[in-house]
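Working notes, structure below.
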Amino acid sequence: MTPIEETIINKKTNINPIWIMRQAGRYLPEFREIRKKNPDFIKLCLNENLSTKITLQPLKRFDLDAAIIFSDILMVPYGLNQHVEFKKNFGPLLGEFSLEKVLNLNDFDFTKKIDSIYKLIKLVSSHKLTNNKSTIGFIGAPWTLLVYIINKQSPKLKLVDNFFESEVLLKKILNVLDKFLKIHIKNQVDSGAEIIQIFDSWAGLINSKDLNEYIYNPTLSLVEYTKSLNVPVICFPREIKDYKKYCEIVKPDAICIDYNVDPNFIQKNIKLPIQGGMDPKILLTSKEHLKKEAKKYLDIFKDHPYIFNLGHGVLPETDPQMMDYLVKMVKDY
Ligand code: 1CP
């Protein structure tokens, strides 16, 4: 078993495995070099040789315990034939979503359109650099994907006023997502993904009254499905107001926390293995401060199954030397 599996499945508390969200891409000069030559982000994701290379870049530099595949949560809307592009200094921009077309889409055509992702997972999970390390596949949670599908751009900029206007349509899209996200999970697992992480980056946007319909029920369905494949599932409902209730209802194998939640509260109130928490901005400060803050999380979760990670993705302006320092410090703890 890999250190991450020991922590999640066997509830080991003395290992302190580490991986970092968005570890592949963004802040590494060797990634930027590839990215510069490949302006089309979707095409880059679908080039299994380059995406394998990018996935392995952080593992060449740092003693991380997992490879997270270089892909994107928006590859699923893309696989559902919604136009998806990534604009410089803007972020994702999506086209019109056609429910009619999607209802006629079969498993085979969906899989074929994003098949390079599965080839990438095969290449990564069989590579010697991932020996005794976990290959992590992922999906966007139904709610977060629904946000991008309807909003057609990041809700960071704005969430359209009439978002909930057609509840019937939203429910139909959730049904479609349930079907194709399960196919995407199964394909990733069959290709060698040993852990699945569900990113619900916009969980914090929803009102309590809508949690059942848009977050708890749809996520539970995918969590139960992933468990049925005998693969551990980590959920990251970023900025959800009540992590404890989320865990009680959705029951992931591990929960990833954001940096706005009090780790002491989590440690006392959640019995599941915990991942993450530290503010990525800490990596932009000094080594002394980084050591102090990382140690805070390691101390709090000293007797708790804990996977070190950040409370959101590593920032593009991060100095790789700070990452190196962090990984070594966690390993030496
Ligand atoms: O322009 C560029 O160079 C592209 C930047 C980039 C990268 C490197 C995007 C565009 N996606 C990715 C890769 C990516 N995305 C990974 C790869 C593996 C790794 O972790 O290293 C992963 C896991 C994701 C997941 C993802 N994509 C999330 C969930 C995690 C999170 O950060 O909250 C989300 C919300 C997306 C959507 C997305 N993809 C890219 C952008 C700029 C965005 C939008 C974010 C927003 O709305 O603000």
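Scheme for the structure tokens: letters A, B, ... for chains in order shown; per-chain residue numbers from 1; ligand numbers from 1 in order shown.
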
> If you count only C-alpha atoms, which residues fall within 7 Å of range 268-278 of chain A, apart from same-chain ones fewer than 5 positions away, as a count of residues only?
Replying inline: 19

>> Could you list the protein, DNA and RNA residues that have any atom within 7 Å of ligand 1, counting only C-alpha atoms and all ligand atoms, and write them as a PyMOL selection string?
In response: chain A and resi 21-26+35+41+68-74+86+88+91-92+138+140+153-156+199-201+312-313

>> Set the distance at 10 Å and use only C-alpha atoms: which residues neighbour Gly137 in chain A once local chain neighbours fewer than 3 positions away are removed? I'd like the list as an NGL selection string.
In response: :A and (67-71 or 117-118 or 121 or 134 or 184-185 or 187-189 or 191-198 or 233)

Dump C-alpha atoms for the selected residues as a PDB file, in the first residue's frame?
```
ATOM      1  CA  ALA A  67       0.786  12.146  -8.923  1.00  0.00           C
ATOM      2  CA  ILE A  68      -2.365  14.083  -9.725  1.00  0.00           C
ATOM      3  CA  ILE A  69      -3.073  13.750 -13.395  1.00  0.00           C
ATOM      4  CA  PHE A  70      -2.691  16.842 -15.548  1.00  0.00           C
ATOM      5  CA  SER A  71      -6.228  17.359 -16.782  1.00  0.00           C
ATOM      6  CA  ILE A 117      -6.947  11.243 -20.412  1.00  0.00           C
ATOM      7  CA  TYR A 118      -7.183   7.499 -19.851  1.00  0.00           C
ATOM      8  CA  ILE A 121      -3.393   7.676 -16.552  1.00  0.00           C
ATOM      9  CA  SER A 134      -0.665   7.098  -5.527  1.00  0.00           C
ATOM     10  CA  HIS A 184     -15.418   9.100 -16.212  1.00  0.00           C
ATOM     11  CA  ILE A 185     -14.624   7.721 -12.747  1.00  0.00           C
ATOM     12  CA  ASN A 187     -12.596   4.837 -16.987  1.00  0.00           C
ATOM     13  CA  GLN A 188     -10.013   6.522 -14.764  1.00  0.00           C
ATOM     14  CA  VAL A 189     -10.019   3.627 -12.305  1.00  0.00           C
ATOM     15  CA  SER A 191      -6.760   2.956 -16.456  1.00  0.00           C
ATOM     16  CA  GLY A 192      -4.923   2.917 -13.121  1.00  0.00           C
ATOM     17  CA  ALA A 193      -6.218   5.757 -10.934  1.00  0.00           C
ATOM     18  CA  GLU A 194      -5.904   4.514  -7.333  1.00  0.00           C
ATOM     19  CA  ILE A 195      -7.685   7.401  -5.642  1.00  0.00           C
ATOM     20  CA  ILE A 196     -10.408   9.755  -6.844  1.00  0.00           C
ATOM     21  CA  GLN A 197     -10.683  13.323  -5.602  1.00  0.00           C
ATOM     22  CA  ILE A 198     -13.948  15.204  -6.067  1.00  0.00           C
ATOM     23  CA  VAL A 233     -12.559   8.906  -2.542  1.00  0.00           C
TER      24      VAL A 233
END
```

>> Can you pull out the residues contacting range 207-218 of chain A? Cut-off 7 Å, using only C-alpha atoms, and skip same-chain residues under 6 positions away; I want them as a ChimeraX atom specification.
In response: /A:142-143,249-250

>> From a backbone DSSP assignment, name each residue in range 203-315 of chain A labelled strand (DSSP E or B), as JSON, numbers by chain.
In response: {"A": [233, 234, 235, 236, 254, 255, 256, 257, 274, 275, 276, 278, 306, 307, 308, 310]}

Those residues with N, CA, C and O atoms, as a PDB file, in the first residue's frame please?
```pdb
ATOM      1  N   VAL A 233     -12.124   7.638  -1.964  1.00  0.00           N
ATOM      2  CA  VAL A 233     -12.559   8.906  -2.542  1.00  0.00           C
ATOM      3  C   VAL A 233     -12.373  10.041  -1.525  1.00  0.00           C
ATOM      4  O   VAL A 233     -12.750   9.920  -0.363  1.00  0.00           O
ATOM      5  N   ILE A 234     -11.707  11.092  -1.994  1.00  0.00           N
ATOM      6  CA  ILE A 234     -11.455  12.283  -1.165  1.00  0.00           C
ATOM      7  C   ILE A 234     -12.358  13.397  -1.689  1.00  0.00           C
ATOM      8  O   ILE A 234     -12.384  13.651  -2.889  1.00  0.00           O
ATOM      9  N   CYS A 235     -13.091  14.054  -0.788  1.00  0.00           N
ATOM     10  CA  CYS A 235     -13.944  15.162  -1.236  1.00  0.00           C
ATOM     11  C   CYS A 235     -13.376  16.497  -0.761  1.00  0.00           C
ATOM     12  O   CYS A 235     -12.883  16.609   0.364  1.00  0.00           O
ATOM     13  N   PHE A 236     -13.472  17.481  -1.621  1.00  0.00           N
ATOM     14  CA  PHE A 236     -13.015  18.835  -1.279  1.00  0.00           C
ATOM     15  C   PHE A 236     -14.137  19.844  -1.551  1.00  0.00           C
ATOM     16  O   PHE A 236     -14.195  20.458  -2.610  1.00  0.00           O
ATOM     17  N   ALA A 254     -11.990  10.323   2.836  1.00  0.00           N
ATOM     18  CA  ALA A 254     -11.175  11.381   3.452  1.00  0.00           C
ATOM     19  C   ALA A 254     -11.760  12.716   3.037  1.00  0.00           C
ATOM     20  O   ALA A 254     -12.406  12.824   1.995  1.00  0.00           O
ATOM     21  N   ILE A 255     -11.513  13.734   3.880  1.00  0.00           N
ATOM     22  CA  ILE A 255     -12.057  15.061   3.567  1.00  0.00           C
ATOM     23  C   ILE A 255     -10.917  16.067   3.457  1.00  0.00           C
ATOM     24  O   ILE A 255     -10.028  16.101   4.299  1.00  0.00           O
ATOM     25  N   CYS A 256     -10.942  16.841   2.410  1.00  0.00           N
ATOM     26  CA  CYS A 256      -9.929  17.871   2.192  1.00  0.00           C
ATOM     27  C   CYS A 256     -10.522  19.203   2.630  1.00  0.00           C
ATOM     28  O   CYS A 256     -11.636  19.543   2.230  1.00  0.00           O
ATOM     29  N   ILE A 257      -9.789  19.942   3.466  1.00  0.00           N
ATOM     30  CA  ILE A 257     -10.344  21.183   4.032  1.00  0.00           C
ATOM     31  C   ILE A 257      -9.684  22.414   3.406  1.00  0.00           C
ATOM     32  O   ILE A 257      -8.544  22.366   2.968  1.00  0.00           O
ATOM     33  N   ILE A 274      -8.089  13.323   7.334  1.00  0.00           N
ATOM     34  CA  ILE A 274      -8.159  14.724   6.883  1.00  0.00           C
ATOM     35  C   ILE A 274      -7.014  15.006   5.907  1.00  0.00           C
ATOM     36  O   ILE A 274      -5.924  14.443   6.040  1.00  0.00           O
ATOM     37  N   GLN A 275      -7.282  15.889   4.972  1.00  0.00           N
ATOM     38  CA  GLN A 275      -6.240  16.324   4.042  1.00  0.00           C
ATOM     39  C   GLN A 275      -6.269  17.850   3.935  1.00  0.00           C
ATOM     40  O   GLN A 275      -7.332  18.459   3.930  1.00  0.00           O
ATOM     41  N   GLY A 276      -5.085  18.443   3.813  1.00  0.00           N
ATOM     42  CA  GLY A 276      -4.990  19.853   3.422  1.00  0.00           C
ATOM     43  C   GLY A 276      -5.144  20.857   4.531  1.00  0.00           C
ATOM     44  O   GLY A 276      -4.978  20.551   5.704  1.00  0.00           O
ATOM     45  N   MET A 278      -3.592  24.219   4.853  1.00  0.00           N
ATOM     46  CA  MET A 278      -2.725  25.397   4.950  1.00  0.00           C
ATOM     47  C   MET A 278      -2.948  26.369   3.778  1.00  0.00           C
ATOM     48  O   MET A 278      -3.080  25.955   2.634  1.00  0.00           O
ATOM     49  N   TYR A 306      -3.659  11.930   8.624  1.00  0.00           N
ATOM     50  CA  TYR A 306      -3.568  13.252   7.983  1.00  0.00           C
ATOM     51  C   TYR A 306      -2.660  13.226   6.760  1.00  0.00           C
ATOM     52  O   TYR A 306      -1.539  12.731   6.811  1.00  0.00           O
ATOM     53  N   ILE A 307      -3.165  13.764   5.654  1.00  0.00           N
ATOM     54  CA  ILE A 307      -2.384  13.916   4.418  1.00  0.00           C
ATOM     55  C   ILE A 307      -2.087  15.394   4.273  1.00  0.00           C
ATOM     56  O   ILE A 307      -3.013  16.213   4.173  1.00  0.00           O
ATOM     57  N   PHE A 308      -0.803  15.747   4.254  1.00  0.00           N
ATOM     58  CA  PHE A 308      -0.475  17.160   4.125  1.00  0.00           C
ATOM     59  C   PHE A 308      -0.811  17.637   2.716  1.00  0.00           C
ATOM     60  O   PHE A 308      -0.501  16.976   1.722  1.00  0.00           O
ATOM     61  N   LEU A 310      -2.465  21.671   0.715  1.00  0.00           N
ATOM     62  CA  LEU A 310      -2.849  23.059   0.971  1.00  0.00           C
ATOM     63  C   LEU A 310      -4.372  23.158   1.053  1.00  0.00           C
ATOM     64  O   LEU A 310      -5.084  22.192   0.774  1.00  0.00           O
TER      65      LEU A 310
END
```

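Relative to CA of Pro29 in chain A, CA of Met322 in chain A is found at 14.0 Å.
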
>> For Leu123 in chain A, find every residue with an atom within 8 Å (counting only C-alpha atoms), except residues of its own chain fewer than 4 positions away, and show them as a list in words.
In response: Thr52, Lys119 and His127 of chain A

> If you run DSSP on the backbone, which residues of range 68-231 of chain A are helix (DSSP H, G or I), as a ChimeraX atom specification?
Replying inline: /A:75-79,99-103,107-113,115-125,128-130,142-151,167-191,203-205,208-228
